[in-house]
Amino acid sequence: MRDFLLNNVSPFPAKPDANGHAAVHIAPVSAGFVIHVLGNGAPDESGLTKVLGDIAPDLGGGLRSPSPGQWFWVGDCDISQGRFAEIAGHMPAEFALSDQTHGRVRIMLSGAKVRDVLIKGTMVDLADDVFAVGASAMTMIGHIGAMITRTDVECFEIMVLRSFAESLWHELDQMAAEFNQPHGI
Amino acid sequence: MSSLVKCPHCGSRPREEFTVRGEVATPRPVAGADESIWFDHVYLRDNPRGQHREYWHHSGGCRRWLVLDRNTVTHETSNVVDASTLKAEGRA
């Protein structure tokens, strides 16, 4: 167990969502937690959901699987590092936890044209019947590895390693530029 | 290269998400095998025209090692499986 504190500092500028896109809105998700869950053997997701619900019923959140036997447990409330240690201590032996809140940041994309923006960077099929609300995929946006999750019909969440966040933000901003409002409106 | 590869975990993904890691060599020789057998295993590779069994790493997705057939003439890929299945079958 580490003996130092991890600082969760947003990589984005102070007012990053002050962009001029009319049909697309890009915003950082500054609160919440990202915990990497690694399973040993062949653990199943429903079992893990039950375990997490029993240990920390107040946290909620959802599971997004980047790989077989691995999940990101993502939620919107802040948890202290003491609380994290407490949760990790209660996990059954087939699961290991790693707090990634400091290292993986979330960006929210929403609006009527959100899919038109995303398909410029990723090849994953985002059609309603293939990528329904709740679906997620670990993929690449341009050359940056990122996890795309559909949180609502016109709302997607991008999770990216912190050191790539500003670069990806710039890329998303460029991808959405065609929806910029004309000057003077 | 074919532009789409069917990852058994992630579904159809672009070739750019993968890293080709080379031919699936013959099963590993026993530790005390003759030096020439080890030399063959480590260094000598076929360069076939047609079907080729290869290791691919899904570095931009699930990060699992995969094994697939690639046709070196048409670059079509098929029969993609997780590399752990080779180990389970004793062929790694």
# chains A, B, ... in the order shown; residues from 1 in each chain; ligands from 1
>>> interface_residues(of="chain B", to="chain A", cutoff="10 Å", atoms="only C-alpha atoms", output="compact mmCIF listing (two decimals) with N, CA, C and O atoms, in the first residue's frame")
# COMPACT_ATOMS: atom_id res chain seq x y z
N LEU B 4 -9.96 -4.00 -41.12
CA LEU B 4 -10.75 -4.37 -39.95
C LEU B 4 -10.33 -5.74 -39.43
O LEU B 4 -10.17 -6.67 -40.21
N HIS B 9 -12.79 -10.07 -28.21
CA HIS B 9 -13.32 -9.37 -27.04
C HIS B 9 -14.02 -8.06 -27.41
O HIS B 9 -15.00 -7.67 -26.78
N CYS B 10 -13.50 -7.35 -28.41
CA CYS B 10 -13.98 -5.98 -28.70
C CYS B 10 -14.83 -5.90 -29.97
O CYS B 10 -15.44 -4.86 -30.22
N GLY B 11 -14.86 -6.93 -30.80
CA GLY B 11 -15.58 -6.84 -32.06
C GLY B 11 -14.69 -6.25 -33.15
O GLY B 11 -13.47 -6.21 -33.01
N SER B 12 -15.30 -5.76 -34.23
CA SER B 12 -14.53 -5.23 -35.36
C SER B 12 -13.80 -3.95 -34.98
O SER B 12 -14.42 -3.00 -34.51
N ARG B 13 -12.51 -3.94 -35.19
CA ARG B 13 -11.71 -2.76 -34.86
C ARG B 13 -10.72 -2.49 -35.99
O ARG B 13 -10.32 -3.40 -36.70
N PRO B 14 -10.31 -1.21 -36.14
CA PRO B 14 -9.37 -0.88 -37.22
C PRO B 14 -7.98 -1.46 -36.94
O PRO B 14 -7.59 -1.61 -35.78
N GLU B 16 -5.23 -0.18 -37.07
CA GLU B 16 -4.34 0.75 -36.36
C GLU B 16 -4.32 0.50 -34.85
O GLU B 16 -3.41 0.93 -34.16
N GLU B 17 -5.36 -0.16 -34.32
CA GLU B 17 -5.39 -0.42 -32.88
C GLU B 17 -4.48 -1.58 -32.49
O GLU B 17 -4.29 -1.84 -31.31
N HIS B 58 -3.61 -6.37 -29.15
CA HIS B 58 -4.63 -5.32 -29.31
C HIS B 58 -4.27 -4.14 -28.40
O HIS B 58 -4.96 -3.86 -27.41
N SER B 59 -3.19 -3.46 -28.76
CA SER B 59 -2.61 -2.44 -27.88
C SER B 59 -3.52 -1.22 -27.70
O SER B 59 -3.46 -0.56 -26.68
N GLY B 60 -4.38 -0.94 -28.69
CA GLY B 60 -5.26 0.22 -28.57
C GLY B 60 -6.65 -0.12 -28.06
O GLY B 60 -7.54 0.73 -28.08
N GLY B 61 -6.85 -1.35 -27.61
CA GLY B 61 -8.18 -1.75 -27.14
C GLY B 61 -8.09 -2.51 -25.83
O GLY B 61 -7.72 -1.95 -24.82
N CYS B 62 -8.38 -3.83 -25.90
CA CYS B 62 -8.42 -4.61 -24.65
C CYS B 62 -7.03 -5.00 -24.16
O CYS B 62 -6.90 -5.56 -23.07
N ARG B 63 -5.98 -4.75 -24.95
CA ARG B 63 -4.60 -5.06 -24.59
C ARG B 63 -4.37 -6.56 -24.39
O ARG B 63 -3.46 -6.96 -23.67
N ARG B 64 -5.19 -7.39 -25.03
CA ARG B 64 -4.96 -8.83 -24.99
C ARG B 64 -4.11 -9.26 -26.18
O ARG B 64 -4.16 -8.63 -27.24
>>> select_by_dssp(residues="segment 113-179 of chain A", states="strand (DSSP E or B)", output="JSON, numbers by chain")
{"A": [136, 137, 138, 139, 140, 141, 144, 145, 146, 147, 148, 149, 150, 151, 152, 155, 156, 157, 158, 159, 160, 161]}
>>> atom_distance(atom1="atom CA of Ala25 of chain B", atom2="atom CA of His41 of chain B")
6.8 Å
>>> closest_residue(among="A:Glu178, A:Asp173, A:Asp116, A:Asp54", to="Ile26 of chain A", atoms="only C-alpha atoms")
A:Asp173
>>> residues_around(residues="Val153 of chain A", least_positions_apart="4", cutoff="12 Å", atoms="only C-alpha atoms", output="list in words")
Leu109, Ser110, Gly111, Ala112, Lys113, Val114, Arg115, Leu126, Ala127, Asp128, Asp129, Phe131, Ala132, Val133, Gly134, Ala135, Thr149 and Glu157 of chain A
>>> write_last_selection(atoms="C-alpha atoms", output="short mmCIF file (atom, residue, chain, number, x, y, z; two decimals), in the first residue's frame")
data_model
loop_
_atom_site.label_atom_id
_atom_site.label_comp_id
_atom_site.auth_asym_id
_atom_site.auth_seq_id
_atom_site.Cartn_x
_atom_site.Cartn_y
_atom_site.Cartn_z
CA LEU A 109 -19.56 15.41 -24.76
CA SER A 110 -23.20 16.19 -25.29
CA GLY A 111 -25.51 17.71 -27.84
CA ALA A 112 -27.41 16.91 -31.00
CA LYS A 113 -24.27 16.53 -33.15
CA VAL A 114 -22.15 14.61 -30.65
CA ARG A 115 -21.89 11.48 -32.81
CA LEU A 126 -21.93 4.43 -32.30
CA ALA A 127 -25.34 3.63 -33.86
CA ASP A 128 -28.28 3.40 -31.44
CA ASP A 129 -28.85 -0.33 -31.96
CA PHE A 131 -23.85 1.20 -29.00
CA ALA A 132 -26.84 1.68 -26.70
CA VAL A 133 -26.94 3.87 -23.60
CA GLY A 134 -24.64 2.24 -21.03
CA ALA A 135 -22.32 0.68 -23.62
CA THR A 149 -19.09 5.37 -22.78
CA GLU A 157 -18.19 10.28 -21.67
#
>>> residues_around(residues="His57 of chain B", least_positions_apart="6", cutoff="9 Å", atoms="only C-alpha atoms", output="ChimeraX atom specification")
/B:17-21,63-67
>>> write_last_selection(atoms="N, CA and C atoms", output="CSV table (one decimal), in the first residue's frame")
chain,number,residue,atom,x,y,z
B,17,GLU,N,-5.4,-0.2,-34.3
B,17,GLU,CA,-5.4,-0.4,-32.9
B,17,GLU,C,-4.5,-1.6,-32.5
B,18,PHE,N,-4.0,-2.3,-33.5
B,18,PHE,CA,-3.2,-3.5,-33.2
B,18,PHE,C,-1.7,-3.4,-33.5
B,19,THR,N,-0.9,-4.2,-32.8
B,19,THR,CA,0.5,-4.2,-33.1
B,19,THR,C,0.8,-5.7,-33.5
B,20,VAL,N,1.4,-5.9,-34.7
B,20,VAL,CA,1.8,-7.2,-35.1
B,20,VAL,C,3.0,-7.7,-34.4
B,21,ARG,N,2.9,-8.9,-33.8
B,21,ARG,CA,4.1,-9.3,-33.0
B,21,ARG,C,4.7,-10.6,-33.6
B,63,ARG,N,-6.0,-4.7,-25.0
B,63,ARG,CA,-4.6,-5.1,-24.6
B,63,ARG,C,-4.4,-6.6,-24.4
B,64,ARG,N,-5.2,-7.4,-25.0
B,64,ARG,CA,-5.0,-8.8,-25.0
B,64,ARG,C,-4.1,-9.3,-26.2
B,65,TRP,N,-3.3,-10.3,-26.0
B,65,TRP,CA,-2.6,-10.9,-27.1
B,65,TRP,C,-3.5,-11.8,-27.8
B,66,LEU,N,-3.5,-11.7,-29.2
B,66,LEU,CA,-4.4,-12.5,-30.0
B,66,LEU,C,-3.6,-13.4,-30.9
B,67,VAL,N,-4.2,-14.4,-31.5
B,67,VAL,CA,-3.6,-15.2,-32.5
B,67,VAL,C,-4.5,-15.2,-33.7
>>> residues_around(residues="Leu59 of chain A", least_positions_apart="2", cutoff="8 Å", atoms="only C-alpha atoms", output="list in words")
Ala56, Pro57, Gly61, Gly75 and Cys77 of chain A
>>> write_last_selection(atoms="N, CA, C and O atoms", output="CSV table (one decimal), in the first residue's frame")
chain,number,residue,atom,x,y,z
A,56,ALA,N,-19.8,-1.0,-0.4
A,56,ALA,CA,-20.0,0.5,-0.5
A,56,ALA,C,-21.3,0.8,-1.1
A,56,ALA,O,-21.3,1.3,-2.3
A,57,PRO,N,-22.4,0.5,-0.4
A,57,PRO,CA,-23.7,0.8,-1.0
A,57,PRO,C,-24.0,2.2,-1.3
A,57,PRO,O,-24.8,2.6,-2.2
A,61,GLY,N,-22.4,4.3,-8.8
A,61,GLY,CA,-21.4,4.2,-9.9
A,61,GLY,C,-21.7,3.0,-10.8
A,61,GLY,O,-22.5,2.2,-10.5
A,75,GLY,N,-17.8,6.5,-10.6
A,75,GLY,CA,-18.9,7.1,-9.9
A,75,GLY,C,-18.7,8.6,-9.8
A,75,GLY,O,-17.6,9.1,-10.0
A,77,CYS,N,-19.4,10.5,-7.0
A,77,CYS,CA,-19.1,11.2,-5.7
A,77,CYS,C,-17.6,11.1,-5.4
A,77,CYS,O,-16.9,10.2,-5.9
>>> closest_residue(among="B:Ile37, B:Ala83, B:Cys7, B:Val73", to="Val24 of chain B", atoms="only C-alpha atoms")
B:Ala83
>>> closest_residue(among="A:Lys120, A:Lys50, A:Pro11, A:Arg83", to="Gln174 of chain A", atoms="only C-alpha atoms")
A:Lys120
>>> residues_around(residues="Ser80 of chain A", least_positions_apart="3", cutoff="12 Å", atoms="only C-alpha atoms", output="ChimeraX atom specification")
/A:5-8,32-33,59,77,83-87,99,101-102
>>> write_last_selection(atoms="all heavy atoms", output="short mmCIF file (atom, residue, chain, number, x, y, z; two decimals), in the first residue's frame")
data_model
loop_
_atom_site.label_atom_id
_atom_site.label_comp_id
_atom_site.auth_asym_id
_atom_site.auth_seq_id
_atom_site.Cartn_x
_atom_site.Cartn_y
_atom_site.Cartn_z
N LEU A 5 0.04 10.74 -0.44
CA LEU A 5 -1.26 11.14 -0.96
C LEU A 5 -1.18 11.41 -2.46
O LEU A 5 -0.19 11.91 -2.97
CB LEU A 5 -1.73 12.41 -0.26
CG LEU A 5 -2.25 12.24 1.17
CD1 LEU A 5 -2.59 13.59 1.75
CD2 LEU A 5 -3.45 11.32 1.22
N LEU A 6 -2.22 11.03 -3.17
CA LEU A 6 -2.31 11.34 -4.59
C LEU A 6 -3.17 12.59 -4.73
O LEU A 6 -4.25 12.67 -4.15
CB LEU A 6 -2.96 10.18 -5.34
CG LEU A 6 -2.17 8.88 -5.33
CD1 LEU A 6 -3.02 7.76 -5.91
CD2 LEU A 6 -0.89 9.01 -6.12
N ASN A 7 -2.69 13.56 -5.49
CA ASN A 7 -3.45 14.79 -5.68
C ASN A 7 -4.27 14.72 -6.95
O ASN A 7 -3.75 14.47 -8.02
CB ASN A 7 -2.51 15.99 -5.76
CG ASN A 7 -1.85 16.26 -4.43
OD1 ASN A 7 -2.50 16.20 -3.39
ND2 ASN A 7 -0.55 16.52 -4.47
N ASN A 8 -5.56 14.92 -6.81
CA ASN A 8 -6.43 14.92 -7.97
C ASN A 8 -6.58 16.36 -8.47
O ASN A 8 -7.39 17.12 -7.96
CB ASN A 8 -7.79 14.34 -7.63
CG ASN A 8 -7.66 12.90 -7.18
OD1 ASN A 8 -6.79 12.17 -7.67
ND2 ASN A 8 -8.49 12.49 -6.25
N GLY A 32 -15.86 12.93 -8.65
CA GLY A 32 -16.05 11.50 -8.84
C GLY A 32 -14.78 10.69 -8.69
O GLY A 32 -13.72 11.22 -8.36
N PHE A 33 -14.91 9.38 -8.93
CA PHE A 33 -13.78 8.48 -8.76
C PHE A 33 -13.69 7.51 -9.94
O PHE A 33 -14.69 7.24 -10.62
CB PHE A 33 -13.91 7.68 -7.45
CG PHE A 33 -15.13 6.80 -7.38
CD1 PHE A 33 -15.10 5.49 -7.87
CD2 PHE A 33 -16.33 7.27 -6.85
CE1 PHE A 33 -16.21 4.67 -7.81
CE2 PHE A 33 -17.46 6.45 -6.78
CZ PHE A 33 -17.40 5.15 -7.27
N LEU A 59 -21.94 4.49 -2.63
CA LEU A 59 -21.17 5.09 -3.72
C LEU A 59 -21.83 4.95 -5.09
O LEU A 59 -21.66 5.80 -5.96
CB LEU A 59 -19.77 4.48 -3.78
CG LEU A 59 -18.88 4.81 -2.58
CD1 LEU A 59 -17.52 4.16 -2.74
CD2 LEU A 59 -18.71 6.32 -2.43
N CYS A 77 -19.36 10.55 -6.96
CA CYS A 77 -19.06 11.21 -5.68
C CYS A 77 -17.56 11.07 -5.38
O CYS A 77 -16.89 10.16 -5.85
CB CYS A 77 -19.91 10.63 -4.56
SG CYS A 77 -19.92 8.86 -4.49
N ARG A 83 -11.02 6.04 2.67
CA ARG A 83 -12.19 5.24 2.30
C ARG A 83 -11.81 4.21 1.25
O ARG A 83 -12.26 3.05 1.30
CB ARG A 83 -13.29 6.16 1.78
CG ARG A 83 -14.57 5.46 1.36
CD ARG A 83 -15.42 5.07 2.54
NE ARG A 83 -16.42 4.04 2.24
CZ ARG A 83 -17.60 4.26 1.69
NH1 ARG A 83 -17.96 5.51 1.39
NH2 ARG A 83 -18.44 3.28 1.44
N PHE A 84 -10.98 4.63 0.31
CA PHE A 84 -10.54 3.68 -0.72
C PHE A 84 -9.81 2.49 -0.08
O PHE A 84 -10.06 1.34 -0.43
CB PHE A 84 -9.63 4.37 -1.75
CG PHE A 84 -8.98 3.38 -2.69
CD1 PHE A 84 -9.70 2.82 -3.74
CD2 PHE A 84 -7.67 2.97 -2.50
CE1 PHE A 84 -9.13 1.89 -4.58
CE2 PHE A 84 -7.09 2.03 -3.34
CZ PHE A 84 -7.82 1.50 -4.38
N ALA A 85 -8.92 2.80 0.86
CA ALA A 85 -8.17 1.73 1.52
C ALA A 85 -9.11 0.78 2.25
O ALA A 85 -8.91 -0.44 2.27
CB ALA A 85 -7.15 2.33 2.48
N GLU A 86 -10.14 1.37 2.84
CA GLU A 86 -11.13 0.57 3.57
C GLU A 86 -11.88 -0.38 2.61
O GLU A 86 -12.03 -1.58 2.90
CB GLU A 86 -12.11 1.54 4.23
CG GLU A 86 -13.05 0.93 5.24
CD GLU A 86 -14.07 1.99 5.68
OE1 GLU A 86 -13.66 3.10 6.05
OE2 GLU A 86 -15.27 1.69 5.61
N ILE A 87 -12.27 0.16 1.45
CA ILE A 87 -12.97 -0.67 0.46
C ILE A 87 -12.05 -1.77 -0.06
O ILE A 87 -12.43 -2.94 -0.15
CB ILE A 87 -13.47 0.20 -0.72
CG1 ILE A 87 -14.54 1.18 -0.24
CG2 ILE A 87 -14.02 -0.66 -1.84
CD1 ILE A 87 -14.89 2.27 -1.24
N ASP A 99 -6.68 2.72 -7.28
CA ASP A 99 -7.33 4.02 -7.41
C ASP A 99 -6.68 4.79 -8.56
O ASP A 99 -5.49 5.10 -8.52
CB ASP A 99 -7.18 4.81 -6.10
CG ASP A 99 -7.95 6.13 -6.15
OD1 ASP A 99 -8.63 6.37 -7.16
OD2 ASP A 99 -7.87 6.89 -5.17
N THR A 101 -8.19 7.62 -9.91
CA THR A 101 -8.86 8.92 -10.01
C THR A 101 -7.89 10.03 -10.42
O THR A 101 -8.23 10.91 -11.20
CB THR A 101 -9.51 9.27 -8.66
OG1 THR A 101 -10.27 8.15 -8.23
CG2 THR A 101 -10.42 10.47 -8.80
N HIS A 102 -6.66 9.97 -9.91
CA HIS A 102 -5.68 11.00 -10.23
C HIS A 102 -5.15 10.86 -11.65
O HIS A 102 -4.62 11.80 -12.21
CB HIS A 102 -4.49 10.89 -9.26
CG HIS A 102 -3.75 9.60 -9.48
ND1 HIS A 102 -4.28 8.38 -9.12
CD2 HIS A 102 -2.56 9.34 -10.06
CE1 HIS A 102 -3.43 7.42 -9.44
NE2 HIS A 102 -2.39 7.98 -10.02
#
>>> select_by_dssp(residues="chain A", states="helix (DSSP H, G or I)", output="PyMOL selection string")
chain A and resi 45-55+81-90+114-118+162-175+177-179
>>> residues_around(residues="Phe72 of chain A", least_positions_apart="6", cutoff="9 Å", atoms="only C-alpha atoms", output="list in words")
Val34, Ile35, His36, Val37, Leu38, Gly62, Leu63, Arg64, Ser65, Pro66 and Gln100 of chain A
>>> write_last_selection(atoms="N, CA and C atoms", output="JSON list (two decimals), in the first residue's frame")
[["chain", "number", "residue", "atom", "x", "y", "z"],
["A", 34, "VAL", "N", -12.47, 7.04, -10.19],
["A", 34, "VAL", "CA", -12.22, 5.98, -11.18],
["A", 34, "VAL", "C", -11.34, 4.94, -10.48],
["A", 35, "ILE", "N", -11.89, 3.77, -10.30],
["A", 35, "ILE", "CA", -11.13, 2.70, -9.65],
["A", 35, "ILE", "C", -11.01, 1.51, -10.60],
["A", 36, "HIS", "N", -9.76, 1.09, -10.82],
["A", 36, "HIS", "CA", -9.49, -0.05, -11.71],
["A", 36, "HIS", "C", -9.65, -1.33, -10.90],
["A", 37, "VAL", "N", -10.52, -2.22, -11.37],
["A", 37, "VAL", "CA", -10.74, -3.50, -10.69],
["A", 37, "VAL", "C", -10.15, -4.60, -11.56],
["A", 38, "LEU", "N", -9.21, -5.35, -11.01],
["A", 38, "LEU", "CA", -8.59, -6.45, -11.74],
["A", 38, "LEU", "C", -9.03, -7.76, -11.13],
["A", 62, "GLY", "N", -20.92, 2.89, -11.85],
["A", 62, "GLY", "CA", -21.12, 1.81, -12.81],
["A", 62, "GLY", "C", -19.81, 1.15, -13.16],
["A", 63, "LEU", "N", -19.90, -0.03, -13.79],
["A", 63, "LEU", "CA", -18.71, -0.76, -14.22],
["A", 63, "LEU", "C", -18.56, -0.66, -15.73],
["A", 64, "ARG", "N", -17.34, -0.37, -16.18],
["A", 64, "ARG", "CA", -17.05, -0.31, -17.61],
["A", 64, "ARG", "C", -15.87, -1.23, -17.85],
["A", 65, "SER", "N", -16.04, -2.20, -18.71],
["A", 65, "SER", "CA", -14.99, -3.21, -18.88],
["A", 65, "SER", "C", -14.10, -2.89, -20.08],
["A", 66, "PRO", "N", -12.80, -2.62, -19.86],
["A", 66, "PRO", "CA", -11.90, -2.37, -20.97],
["A", 66, "PRO", "C", -11.32, -3.65, -21.55],
["A", 100, "GLN", "N", -7.46, 5.06, -9.62],
["A", 100, "GLN", "CA", -6.93, 5.74, -10.80],
["A", 100, "GLN", "C", -7.51, 7.14, -10.95]]
>>> atom_distance(atom1="atom CA of His52 of chain B", atom2="atom CA of Val30 of chain B")
24.6 Å
